[in-house]
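Here's query-v3.txt, which has compact mmCIF, C-alpha atoms and all ligand atoms:
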```txt
# COMPACT_ATOMS: atom_id res chain seq x y z
CA MET A 1 -24.65 -19.13 -9.11
CA ILE A 2 -23.63 -19.23 -5.48
CA ASP A 3 -25.01 -22.44 -3.96
CA THR A 4 -24.19 -21.94 -0.31
CA LEU A 5 -23.32 -18.86 1.65
CA ASP A 6 -20.74 -18.87 4.45
CA THR A 7 -22.92 -16.60 6.56
CA GLU A 8 -26.49 -15.32 6.44
CA ILE A 9 -25.29 -11.86 7.53
CA ASP A 10 -26.46 -9.10 5.19
CA PHE A 11 -23.50 -6.71 5.33
CA LEU A 12 -25.62 -3.79 4.15
CA LEU A 13 -28.97 -4.35 5.82
CA ASP A 14 -28.17 -5.95 9.17
CA ASP A 15 -27.42 -3.87 12.19
CA LEU A 16 -23.77 -4.65 12.98
CA PRO A 17 -23.07 -2.87 16.28
CA ASP A 18 -19.52 -4.27 16.44
CA VAL A 19 -18.38 -4.36 12.82
CA ALA A 20 -14.73 -4.89 13.73
CA GLY A 21 -15.63 -7.83 15.97
CA THR A 22 -17.89 -9.36 13.31
CA PHE A 23 -15.16 -9.08 10.70
CA ARG A 24 -12.59 -10.56 13.13
CA GLU A 25 -14.74 -13.63 13.71
CA LEU A 26 -15.47 -14.06 10.01
CA ARG A 27 -11.81 -13.63 9.02
CA ALA A 28 -10.78 -16.28 11.54
CA ARG A 29 -12.98 -18.68 9.55
CA LYS A 30 -11.99 -17.68 6.00
CA PRO A 31 -10.16 -14.81 4.26
CA ALA A 32 -13.12 -14.32 1.93
CA ILE A 33 -16.72 -14.86 2.98
CA TRP A 34 -19.91 -15.17 0.95
CA GLY A 35 -22.71 -13.35 2.73
CA ARG A 36 -25.37 -10.96 1.49
CA ALA A 37 -25.66 -7.34 0.35
CA PHE A 38 -29.24 -6.06 0.03
CA GLY A 39 -30.37 -9.69 0.08
CA GLU A 40 -28.15 -10.78 -2.85
CA PRO A 41 -25.02 -12.93 -2.46
CA ALA A 42 -21.94 -10.77 -1.86
CA LEU A 43 -18.28 -11.64 -1.42
CA LEU A 44 -16.57 -9.87 1.47
CA LEU A 45 -12.76 -9.93 1.35
CA LEU A 46 -11.27 -9.84 4.84
CA SER A 47 -7.55 -10.60 4.69
CA HIS A 48 -4.94 -7.96 3.95
CA GLU A 49 -3.54 -10.10 1.14
CA LEU A 50 -6.86 -10.45 -0.71
CA VAL A 51 -7.99 -6.85 -0.22
CA GLN A 52 -4.68 -5.50 -1.51
CA ALA A 53 -4.77 -7.96 -4.44
CA ALA A 54 -8.35 -7.01 -5.36
CA PHE A 55 -7.49 -3.28 -5.38
CA GLY A 56 -4.63 -4.19 -7.74
CA ALA A 57 -6.84 -6.33 -10.01
CA GLU A 58 -8.43 -3.55 -12.06
CA ASP A 59 -8.66 -5.96 -15.01
CA VAL A 60 -10.77 -8.44 -13.01
CA PHE A 61 -12.76 -6.02 -10.83
CA PRO A 62 -12.83 -2.70 -12.71
CA SER A 63 -13.83 0.19 -10.49
CA ALA A 64 -16.09 1.52 -13.29
CA ASP A 65 -18.30 -1.56 -13.30
CA PHE A 66 -19.60 -0.64 -9.89
CA TYR A 67 -19.46 3.16 -9.83
CA GLU A 68 -21.01 3.90 -13.21
CA GLN A 69 -24.15 2.11 -12.07
CA VAL A 70 -24.68 4.08 -8.91
CA VAL A 71 -23.32 7.59 -8.99
CA THR A 72 -23.39 9.04 -12.48
CA ASP A 73 -26.50 11.23 -12.64
CA VAL A 74 -25.77 13.15 -9.43
CA LEU A 75 -21.98 13.16 -9.44
CA GLY A 76 -21.32 12.79 -13.17
CA ARG A 77 -18.80 10.51 -14.89
CA ASN A 78 -15.80 10.87 -12.63
CA LEU A 79 -12.44 9.09 -12.29
CA GLN A 80 -14.02 6.20 -10.46
CA CYS A 81 -16.31 5.53 -13.43
CA MET A 82 -13.44 5.50 -15.94
CA ARG A 83 -11.22 2.77 -17.29
CA GLY A 84 -8.08 2.48 -19.40
CA ASP A 85 -6.99 5.48 -21.46
CA GLU A 86 -9.86 7.73 -20.42
CA HIS A 87 -8.90 7.25 -16.76
CA LYS A 88 -5.21 7.72 -17.51
CA ARG A 89 -5.81 10.99 -19.37
CA ASN A 90 -8.18 12.46 -16.78
CA ARG A 91 -5.98 11.39 -13.90
CA ALA A 92 -2.87 12.85 -15.55
CA LEU A 93 -4.67 16.18 -15.92
CA VAL A 94 -5.76 16.42 -12.28
CA SER A 95 -2.88 14.78 -10.42
CA PRO A 96 -0.19 17.51 -10.70
CA ALA A 97 -2.04 19.54 -8.04
CA PHE A 98 -1.99 16.64 -5.56
CA ARG A 99 1.68 15.64 -5.66
CA GLN A 100 3.34 14.80 -2.37
CA ARG A 101 6.10 17.36 -2.77
CA LEU A 102 3.52 20.19 -2.98
CA MET A 103 1.92 19.38 0.37
CA PRO A 104 4.42 21.02 2.75
CA GLY A 105 3.82 24.24 0.79
CA LEU A 106 0.10 24.09 1.57
CA ILE A 107 0.41 23.77 5.34
CA THR A 108 1.39 27.31 6.29
CA PRO A 109 -0.74 29.33 3.84
CA LEU A 110 -3.84 27.12 3.73
CA LEU A 111 -4.26 24.22 6.15
CA ALA A 112 -2.99 25.74 9.41
CA PRO A 113 -4.94 29.03 8.99
CA VAL A 114 -8.21 27.11 8.46
CA ALA A 115 -7.55 25.01 11.57
CA HIS A 116 -6.66 28.11 13.61
CA GLU A 117 -9.81 29.95 12.47
CA LEU A 118 -11.98 27.08 13.67
CA ILE A 119 -10.20 26.96 17.03
CA ASP A 120 -10.49 30.76 17.39
CA ARG A 121 -14.28 30.32 17.41
CA ILE A 122 -14.30 27.86 20.33
CA GLU A 123 -11.18 28.62 22.33
CA ASP A 124 -12.87 30.90 24.90
CA ARG A 125 -15.77 28.55 25.51
CA GLY A 126 -13.77 25.92 27.41
CA GLU A 127 -15.85 23.20 25.79
CA ALA A 128 -16.97 22.20 22.31
CA ASP A 129 -18.16 19.37 20.12
CA LEU A 130 -15.12 18.68 17.97
CA VAL A 131 -17.28 17.08 15.27
CA ALA A 132 -19.81 19.92 14.80
CA ASP A 133 -17.29 22.66 15.54
CA PHE A 134 -14.22 21.33 13.80
CA THR A 135 -13.98 18.03 11.91
CA LYS A 136 -17.21 18.50 9.94
CA ARG A 137 -16.10 21.93 8.72
CA TYR A 138 -12.34 21.79 8.26
CA PRO A 139 -11.92 19.68 5.07
CA PHE A 140 -14.82 21.40 3.30
CA ILE A 141 -13.26 24.80 3.90
CA VAL A 142 -9.86 23.45 2.79
CA ILE A 143 -11.25 22.23 -0.56
CA ASN A 144 -13.24 25.45 -1.04
CA ARG A 145 -10.12 27.56 -0.55
CA LEU A 146 -7.91 25.20 -2.53
CA LEU A 147 -10.26 25.69 -5.47
CA GLY A 148 -10.27 29.44 -4.91
CA LEU A 149 -14.06 29.62 -4.52
CA PRO A 150 -15.36 32.76 -2.76
CA GLU A 151 -15.09 32.48 1.03
CA HIS A 152 -18.65 33.78 1.54
CA SER A 153 -19.93 30.65 -0.25
CA GLU A 154 -18.25 28.13 2.08
CA GLU A 155 -21.38 27.28 4.03
CA GLU A 156 -23.52 26.89 0.92
CA VAL A 157 -20.93 24.71 -0.86
CA ARG A 158 -20.73 22.52 2.24
CA ARG A 159 -24.50 22.11 2.23
CA TRP A 160 -24.53 21.16 -1.46
CA ALA A 161 -21.68 18.71 -0.91
CA LEU A 162 -23.37 16.97 2.02
CA THR A 163 -26.72 16.83 0.17
CA MET A 164 -25.07 15.32 -2.93
CA LEU A 165 -23.76 12.51 -0.80
CA ASP A 166 -27.30 11.49 0.09
CA ILE A 167 -27.81 10.03 -3.41
CA GLN A 168 -29.37 6.80 -2.26
CA GLN A 169 -31.74 8.15 0.39
CA GLU A 170 -32.72 11.55 -1.03
CA HIS A 171 -32.09 11.31 -4.75
CA ASP A 172 -34.11 14.37 -5.84
CA ALA A 173 -32.52 16.65 -3.25
CA ALA A 174 -29.06 15.32 -4.21
CA MET A 175 -29.79 16.01 -7.88
CA LYS A 176 -30.96 19.55 -7.11
CA ALA A 177 -27.83 20.23 -5.02
CA SER A 178 -25.69 18.93 -7.86
CA GLN A 179 -27.36 21.27 -10.40
CA GLU A 180 -27.14 24.27 -8.07
CA PHE A 181 -23.47 23.58 -7.44
CA ILE A 182 -22.71 23.49 -11.18
CA ALA A 183 -24.70 26.69 -11.81
CA PHE A 184 -22.63 28.34 -9.09
CA VAL A 185 -19.23 27.13 -10.30
CA ASP A 186 -19.78 27.56 -14.05
CA PRO A 187 -19.25 31.35 -14.29
CA ILE A 188 -16.24 31.13 -11.95
CA LEU A 189 -14.71 28.41 -14.15
CA GLN A 190 -15.22 30.48 -17.32
CA GLN A 191 -13.54 33.44 -15.65
CA ARG A 192 -10.53 31.28 -14.58
CA ARG A 193 -10.18 29.92 -18.14
CA VAL A 194 -9.40 33.44 -19.36
CA ASP A 195 -7.85 34.93 -16.25
CA PRO A 196 -6.27 32.12 -14.19
CA GLY A 197 -4.99 32.58 -10.65
CA ASP A 198 -2.86 30.25 -8.53
CA ASP A 199 -5.81 28.18 -7.28
CA LEU A 200 -6.78 24.58 -8.11
CA LEU A 201 -9.74 25.57 -10.29
CA SER A 202 -7.41 27.65 -12.47
CA THR A 203 -4.98 24.71 -12.65
CA LEU A 204 -7.82 22.43 -13.76
CA ALA A 205 -8.97 25.03 -16.27
CA THR A 206 -5.56 25.49 -17.88
CA THR A 207 -3.49 22.29 -17.49
CA GLU A 208 -2.73 20.54 -20.76
CA VAL A 209 -1.48 17.00 -21.33
CA GLU A 210 -0.41 16.28 -24.88
CA GLY A 211 -2.23 19.38 -26.08
CA GLU A 212 -5.53 18.45 -24.44
CA ARG A 213 -7.40 20.25 -21.67
CA LEU A 214 -10.22 19.06 -19.44
CA THR A 215 -13.68 19.99 -20.78
CA ASP A 216 -16.16 21.92 -18.61
CA GLU A 217 -18.07 18.73 -17.96
CA GLU A 218 -14.95 16.80 -16.93
CA ILE A 219 -14.11 19.60 -14.49
CA PHE A 220 -17.63 19.68 -13.02
CA ASN A 221 -17.52 15.91 -12.60
CA PHE A 222 -14.13 16.07 -10.91
CA LEU A 223 -15.30 18.85 -8.57
CA ARG A 224 -18.39 16.89 -7.60
CA LEU A 225 -16.16 13.92 -6.75
CA LEU A 226 -13.81 16.01 -4.63
CA PHE A 227 -16.34 16.59 -1.89
CA PRO A 228 -17.49 13.00 -1.23
CA ALA A 229 -14.04 11.58 -1.93
CA GLY A 230 -12.05 14.28 -0.19
CA ALA A 231 -14.12 16.01 2.46
CA ASP A 232 -16.34 13.32 3.95
CA THR A 233 -13.53 10.84 4.24
CA THR A 234 -11.16 13.34 5.81
CA TYR A 235 -13.66 14.62 8.35
CA LEU A 236 -14.48 11.08 9.46
CA GLY A 237 -10.79 10.11 9.55
CA LEU A 238 -9.99 13.09 11.75
CA GLY A 239 -12.90 12.25 14.06
CA ASN A 240 -11.77 8.63 14.29
CA THR A 241 -8.22 9.63 15.16
CA LEU A 242 -9.38 12.13 17.80
CA HIS A 243 -11.69 9.49 19.25
CA SER A 244 -8.79 7.05 19.57
CA LEU A 245 -6.57 9.67 21.17
CA LEU A 246 -9.23 10.84 23.63
CA THR A 247 -10.03 7.30 24.73
CA ASN A 248 -6.36 6.20 25.04
CA PRO A 249 -4.77 8.60 27.56
CA ASP A 250 -1.29 7.06 27.34
CA GLU A 251 -1.22 7.47 23.59
CA LEU A 252 -2.48 11.04 23.91
CA ALA A 253 0.29 11.77 26.42
CA LEU A 254 2.86 10.39 24.00
CA VAL A 255 1.59 12.63 21.19
CA LEU A 256 1.49 15.67 23.48
CA SER A 257 5.12 15.06 24.45
CA ASP A 258 6.11 16.06 20.90
CA PRO A 259 3.15 16.92 18.62
CA GLY A 260 5.44 17.91 15.74
CA GLU A 261 6.86 14.42 15.71
CA HIS A 262 3.87 12.25 16.63
CA CYS A 263 0.74 13.83 15.06
CA ARG A 264 1.53 12.45 11.64
CA TRP A 265 1.80 8.92 13.00
CA ALA A 266 -1.21 9.28 15.28
CA ALA A 267 -3.28 10.12 12.18
CA GLU A 268 -1.85 7.22 10.19
CA GLU A 269 -2.62 4.82 13.04
CA GLY A 270 -6.05 6.41 13.64
CA ILE A 271 -7.15 5.75 10.07
CA ARG A 272 -5.56 2.30 10.04
CA LEU A 273 -7.64 1.21 13.01
CA ASN A 274 -10.79 3.03 11.93
CA PRO A 275 -10.64 3.90 8.25
CA PRO A 276 -13.42 6.27 7.14
CA THR A 277 -14.50 3.76 4.47
CA THR A 278 -15.12 0.36 6.04
CA TRP A 279 -15.09 -1.33 2.67
CA ILE A 280 -14.87 -0.38 -0.99
CA PRO A 281 -17.32 -1.85 -3.52
CA ARG A 282 -16.51 -3.63 -6.78
CA ARG A 283 -18.33 -5.72 -9.37
CA ASN A 284 -16.86 -8.14 -11.91
CA PRO A 285 -18.07 -8.08 -15.53
CA THR A 286 -17.39 -11.76 -16.28
CA ASP A 287 -17.28 -15.10 -14.47
CA VAL A 288 -13.84 -15.58 -12.92
CA VAL A 289 -11.92 -17.86 -10.64
CA TRP A 290 -9.80 -15.49 -8.64
CA HIS A 291 -7.42 -16.68 -5.89
CA GLY A 292 -9.30 -19.97 -6.02
CA ILE A 293 -12.69 -18.30 -5.47
CA GLU A 294 -15.40 -18.73 -8.09
CA VAL A 295 -16.99 -15.33 -8.67
CA PRO A 296 -19.97 -15.24 -11.06
CA ALA A 297 -20.38 -12.21 -13.32
CA GLY A 298 -22.09 -9.24 -11.70
CA ALA A 299 -21.48 -10.38 -8.12
CA SER A 300 -21.15 -7.77 -5.40
CA ILE A 301 -17.60 -7.69 -4.03
CA MET A 302 -16.66 -5.80 -0.91
CA LEU A 303 -13.00 -5.00 -0.32
CA GLY A 304 -12.87 -5.02 3.47
CA VAL A 305 -10.50 -2.14 4.16
CA MET A 306 -11.02 -2.10 7.92
CA ALA A 307 -10.72 -5.89 8.16
CA ALA A 308 -7.47 -5.81 6.13
CA ASN A 309 -6.08 -3.02 8.32
CA ARG A 310 -6.71 -5.22 11.35
CA ASP A 311 -5.37 -8.46 9.90
CA PRO A 312 -3.20 -10.11 12.61
CA ALA A 313 -1.05 -11.63 9.86
CA VAL A 314 0.24 -8.10 9.13
CA PHE A 315 -0.32 -6.04 12.29
CA GLU A 316 0.54 -7.13 15.82
CA ASP A 317 -2.33 -6.64 18.30
CA PRO A 318 -4.29 -5.16 15.41
CA ASP A 319 -7.27 -3.92 17.43
CA GLU A 320 -5.10 -1.65 19.59
CA PHE A 321 -4.37 2.00 18.88
CA ARG A 322 -0.60 2.48 19.10
CA VAL A 323 0.92 5.69 17.82
CA ALA A 324 4.41 4.17 17.83
CA ARG A 325 3.32 1.43 15.44
CA ARG A 326 3.99 3.50 12.31
CA PRO A 327 1.98 1.20 10.07
CA GLY A 328 3.36 0.86 6.57
CA GLN A 329 0.82 -1.26 4.77
CA VAL A 330 -2.56 0.30 5.37
CA THR A 331 -5.25 -0.21 2.75
CA THR A 332 -7.09 2.94 3.87
CA PHE A 333 -6.36 4.81 0.62
CA GLY A 334 -6.80 1.83 -1.70
CA PHE A 335 -4.08 0.65 -4.05
CA GLY A 336 -3.26 0.47 -7.76
CA THR A 337 -4.98 2.33 -10.61
CA HIS A 338 -7.55 4.13 -8.47
CA PHE A 339 -5.27 4.74 -5.46
CA CYS A 340 -6.56 7.79 -3.62
CA LEU A 341 -5.57 10.89 -5.52
CA GLY A 342 -5.76 12.99 -2.36
CA ALA A 343 -3.87 10.70 0.03
CA HIS A 344 -0.99 13.16 0.50
CA LEU A 345 -3.39 16.06 0.98
CA ALA A 346 -5.47 14.03 3.45
CA ARG A 347 -2.36 13.16 5.47
CA ALA A 348 -1.21 16.78 5.53
CA GLU A 349 -4.71 17.90 6.56
CA LEU A 350 -4.97 15.38 9.39
CA GLN A 351 -1.49 16.06 10.73
CA THR A 352 -1.98 19.84 10.66
CA ALA A 353 -5.42 19.70 12.28
CA LEU A 354 -4.18 17.45 15.09
CA GLU A 355 -1.19 19.68 15.77
CA VAL A 356 -3.34 22.80 15.95
CA ILE A 357 -6.08 21.18 18.07
CA LEU A 358 -3.68 19.61 20.55
CA THR A 359 -1.44 22.63 20.97
CA ARG A 360 -4.22 25.24 21.16
CA LEU A 361 -6.61 23.30 23.43
CA PRO A 362 -4.59 22.30 26.52
CA ASN A 363 -5.77 19.52 28.80
CA LEU A 364 -8.16 18.27 26.11
CA ARG A 365 -10.52 15.59 27.41
CA LEU A 366 -13.93 14.04 26.69
CA ARG A 367 -16.74 15.54 28.81
CA THR A 368 -18.60 12.26 28.70
CA THR A 369 -18.10 8.91 27.05
CA GLU A 370 -21.82 8.19 26.98
CA GLY A 371 -23.02 7.85 23.39
CA VAL A 372 -19.58 8.84 22.11
CA ARG A 373 -18.58 6.12 19.72
CA ILE A 374 -17.63 5.45 16.13
CA THR A 375 -20.75 4.51 14.20
CA GLY A 376 -21.54 3.68 10.60
CA THR A 377 -23.59 5.58 8.07
CA ILE A 378 -24.73 4.60 4.56
CA HIS A 379 -24.94 0.92 5.49
CA GLN A 380 -21.65 0.94 7.44
CA LEU A 381 -19.78 2.18 4.38
CA LEU A 382 -18.61 5.32 6.16
CA ARG A 383 -17.65 5.32 9.83
CA GLY A 384 -16.92 8.05 12.32
CA PRO A 385 -18.05 9.54 15.64
CA THR A 386 -21.26 11.61 15.45
CA SER A 387 -20.05 13.86 18.28
CA LEU A 388 -16.92 14.45 20.37
CA PRO A 389 -17.98 16.56 23.37
CA VAL A 390 -14.75 17.87 24.89
CA ALA A 391 -13.57 20.23 27.58
CA PHE A 392 -10.21 21.99 27.63
CA GLY A 393 -8.19 24.52 29.56
C1 LIG B 401 -8.68 10.19 5.06
C2 LIG B 401 -9.11 10.65 3.91
C3 LIG B 401 -9.31 9.82 2.66
C4 LIG B 401 -9.53 8.48 2.52
C5 LIG B 401 -9.63 7.43 3.62
C6 LIG B 401 -9.66 8.21 1.11
C7 LIG B 401 -9.84 6.94 0.56
C8 LIG B 401 -9.88 6.67 -0.79
C9 LIG B 401 -9.98 5.35 -1.35
C10 LIG B 401 -10.03 4.05 -0.56
C11 LIG B 401 -10.00 5.48 -2.70
C12 LIG B 401 -10.06 4.35 -3.72
C13 LIG B 401 -11.49 4.06 -4.08
C14 LIG B 401 -11.62 2.86 -4.99
O1 LIG B 401 -10.62 2.20 -5.32
O2 LIG B 401 -12.76 2.57 -5.38
C15 LIG B 401 -9.96 6.90 -2.99
C16 LIG B 401 -10.00 7.44 -4.25
C17 LIG B 401 -10.01 8.78 -4.49
N1 LIG B 401 -9.79 9.80 -3.57
FE1 LIG B 401 -9.54 9.59 -1.60
N2 LIG B 401 -9.54 9.39 0.43
C18 LIG B 401 -9.30 10.39 1.33
C19 LIG B 401 -9.09 11.73 1.06
C20 LIG B 401 -9.11 12.28 -0.19
C21 LIG B 401 -8.87 13.68 -0.49
C22 LIG B 401 -8.49 14.74 0.53
C23 LIG B 401 -9.06 13.82 -1.84
C24 LIG B 401 -8.94 15.05 -2.69
C25 LIG B 401 -9.14 16.27 -2.27
C26 LIG B 401 -9.39 12.52 -2.37
C27 LIG B 401 -9.66 12.27 -3.70
C28 LIG B 401 -9.85 11.01 -4.23
C29 LIG B 401 -10.12 10.77 -5.64
C30 LIG B 401 -10.27 11.84 -6.72
C31 LIG B 401 -10.22 9.38 -5.81
C32 LIG B 401 -10.52 8.62 -7.10
C33 LIG B 401 -9.22 8.24 -7.76
C34 LIG B 401 -9.41 7.42 -9.02
O3 LIG B 401 -10.47 6.80 -9.22
O4 LIG B 401 -8.47 7.42 -9.84
N3 LIG B 401 -9.40 11.60 -1.35
N4 LIG B 401 -9.86 7.61 -1.81
```
Just dump the structure as structure tokens.
Amino acid sequence: MIDTLDTEIDFLLDDLPDVAGTFRELRARKPAIWGRAFGEPALLLLSHELVQAAFGAEDVFPSADFYEQVVTDVLGRNLQCMRGDEHKRNRALVSPAFRQRLMPGLITPLLAPVAHELIDRIEDRGEADLVADFTKRYPFIVINRLLGLPEHSEEEVRRWALTMLDIQQEHDAAMKASQEFIAFVDPILQQRRVDPGDDLLSTLATTEVEGERLTDEEIFNFLRLLFPAGADTTYLGLGNTLHSLLTNPDELALVLSDPGEHCRWAAEEGIRLNPPTTWIPRRNPTDVVWHGIEVPAGASIMLGVMAANRDPAVFEDPDEFRVARRPGQVTTFGFGTHFCLGAHLARAELQTALEVILTRLPNLRLRTTEGVRITGTIHQLLRGPTSLPVAFG
């Protein structure tokens, strides 16, 4: 039982127009704050130390305890819903394709061509909305091609992926999209089992660890996780980084002075300051006293990624966007057992997209700043700009 809350703020229901500012004020009071989530008491962790520690405390706050309650029927039992040996086995089977050393090999044949194709479509126009025309398309196409799905299906797969994400608001539509997606992928998977190519779906179909392969269902569940985990996050992260660059002319000038050198760090700093996931949810199965905090069983815990990334104890002038900062301790990709599988891919995607955008669209600038801001969706869980109207040339 929580007797008294530190704040009456409901982190999920209240309109928080300045989330970063709200978190800053709360963190100045305490590193962990009891407030509300959907009316119920919820513990929001705000300091870098506690957020990092909670990600690492899989035994106290198992990822599965939260995720298996909310996502299973639409997305299936995926890595986030697994614990212990089951997680280890599934993760070992999918991780070879996401190793850091493989990423440079993806840039030239896959990532850069996708980015160039998207710029080809807007280059002559002299203006564009970088969200609708670029960021909201790029990572979906990347995953589609990585899997080796037919290129003519890219738009349909993107629609299914976006609809599946709407689990909470439009459950029936999300369920239908999920079933249609599986019906579409199933015959392709069966074909890759017998006649594999050099794509990710073939790797998933054929990889063995200790004589075991992934079942069809495990592959479908992994694929359905790839889009929310890999595409939505990346598109928002790219939008957030572009927003920071376009609203900080000195930083943009620095990056333009040597895009090959600075784009990587601009992206890292962009998703430090404005991570696509504001916080990551957890639930604890039993009563615990953790870091001196009494947490009753079943409480809602929110690992405040953005708050941790802006903790002044770790980052100097944490609310400023500084490409030269080269932040080393971001919590953007989580930590520990469930550390983001696609972190290296995401970084390669962001770096490549920025390099292509900035070198192909000279004199890139916002057409207006009115209404152009980073906003939250799904109760502030995901954050990014809804549009980036730009002019160039
Ligand atoms: C900027 C982009 C991205 C961000 C900010 C991000 C963030 C995260 C975070 C915070 C987690 C941990 C969730 C938790 O502990 O509950 C996670 C897990 C995961 N991410 Fe990412 N991610 C990004 C891109 C990607 C990409 C490109 C992929 C793959 C294509 C991917 C695949 C995954 C998977 C499969 C997991 C679950 C891992 C597990 O449970 O073992 N992510 N991501």
Original post:
Using all atoms listed in the file, which residue out of A:Ser257, A:Thr203, A:Asn221, A:Asn144 lies closest to Thr359 (chain A)?
Top reply: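 Smallest distance to Thr359 (chain A) is found for A:Ser257.
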**OP:** Within 6 Å of ligand LIG 401 (chain B), which residues show up when you count only C-alpha atoms and all ligand atoms? List them as a ChimeraX atom specification, please.
**Re:** /A:63,79-80,226,229-230,233-234,237,275-276,280,332-334,338-343,345-346
What are the closest atom pairs, with distances in Å to one decimal, for each residue of region 230-341 of chain A lying within 6 Å of region 43-47 of chain A, using all atoms listed in the file, rows by chain and rising residue number, as a Markdown table?
```
| residue | atom | partner | partner_atom | distance |
| --- | --- | --- | --- | --- |
| A:Ile301 | CA | A:Leu43 | CA | 4.8 |
| A:Met302 | CA | A:Leu44 | CA | 4.7 |
| A:Leu303 | CA | A:Leu45 | CA | 5.2 |
| A:Gly304 | CA | A:Leu46 | CA | 5.3 |
| A:Ala307 | CA | A:Leu46 | CA | 5.2 |
| A:Ala308 | CA | A:Ser47 | CA | 5.0 |
```
Subject >> Counting all atoms listed in the file, the option among A:Ala161, A:Leu12, A:Leu149, A:Val288 closest to Lys136 (chain A) >> reply: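 Of A:Ala161, A:Leu12, A:Leu149, A:Val288, the one nearest Lys136 (chain A), counting all atoms listed in the file, is A:Ala161.
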Subject >> Polymer residues at most 8 Å from Leu130 (chain A), all atoms listed in the file, same-chain spacing of 6 or more positions, as a ChimeraX atom specification >> reply: /A:239,387-390
**OP:** Could you give me, as a PyMOL selection string, the residues within 9 Å of Arg137 (chain A), counting only C-alpha atoms and dropping anything in the same chain fewer than 2 positions from it?
**Re:** chain A and resi 118+131-135+139-142+155+158+231+235
Original post:
At what distance in Å, to one decimal, does CA of Val305 (chain A) lie from CA of Ile167 (chain A)?
Top reply: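 Distance between the two atoms: 22.5 Å.
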**OP:** Can you work out which one of A:Ala183, A:Leu50, A:Ala348, A:Ala253 has the shortest atom-to-atom distance to Phe98 (chain A), counting all atoms listed in the file?
**Re:**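 Looking at the shortest contact to Phe98 (chain A), the residue is A:Ala348.
The residue that comes closest to Leu200 (chain A), out of A:Ile219, A:Trp279, A:Asn240, A:Gly126 and on the basis of all atoms listed in the file, is A:Ile219.
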Original post:
Mind pulling up the distance from CA of Ala42 (chain A) to CA of Gly21 (chain A)?
Top reply: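 Going from CA of Gly21 (chain A) over to CA of Ala42 (chain A) covers 19.1 Å.
Using all atoms listed in the file, the nearest neighbour of Met306 (chain A) within the list A:Leu354, A:Val51, A:Met103, A:Ile2 is A:Val51.
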Original post:
Which residue out of A:Pro96, A:Val323, A:Gln169, A:Leu366 has the minimum interatomic distance to Asp250 (chain A) when all atoms listed in the file are used?
Top reply: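 Nearest to Asp250 (chain A): A:Val323.
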**OP:** Compile the contact shell of Leu242 (chain A) as an NGL selection string: residues with an atom at most 12 Å away, counting all atoms listed in the file, same-chain residues fewer than 6 positions apart removed.
**Re:** :A and (129-131 or 134-135 or 235-236 or 248-249 or 251-252 or 255 or 263 or 266-271 or 274 or 321 or 350-351 or 353-355 or 357-358 or 364-366 or 372-374 or 384-385 or 387-390)
**OP:** Just give me the gap between CA of Asp6 (chain A) and CA of Ile33 (chain A) in Å, one decimal is fine.
**Re:**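 CA of Asp6 (chain A) sits 5.9 Å away from CA of Ile33 (chain A).
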**OP:** Counting all atoms listed in the file, write as a ChimeraX atom specification all protein and nucleic acid residues lying at most 12 Å from (-3.6, 26.9, 3.5) in the file's frame.
**Re:** /A:102-117,138-139,141-148,199,345,348-349,352-353
Which centre and which edge lengths, in Å to one decimal, describe the axis-aligned box that holds all listed atoms of region 205-218 of chain A after 8 Å is added on each side, as lines of an AutoDock Vina configuration file?
```
center_x = -9.2
center_y = 20.9
center_z = -21.2
size_x = 33.7
size_y = 25.2
size_z = 25.8
```
**OP:** Counting all atoms listed in the file, note down every residue that has an atom within 12 Å of the point (-0.3, -6.0, 14.5) (file coordinates), as a list in words.
**Re:**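 Residues found, by chain and rising number: His48, Glu269, Arg272, Leu273, Ala308, Asn309, Arg310, Asp311, Pro312, Ala313, Val314, Phe315, Glu316, Asp317, Pro318, Asp319, Glu320, Phe321, Arg322, Ala324, Arg325, Arg326, Pro327, Gly328, Gln329 and Val330 of chain A.
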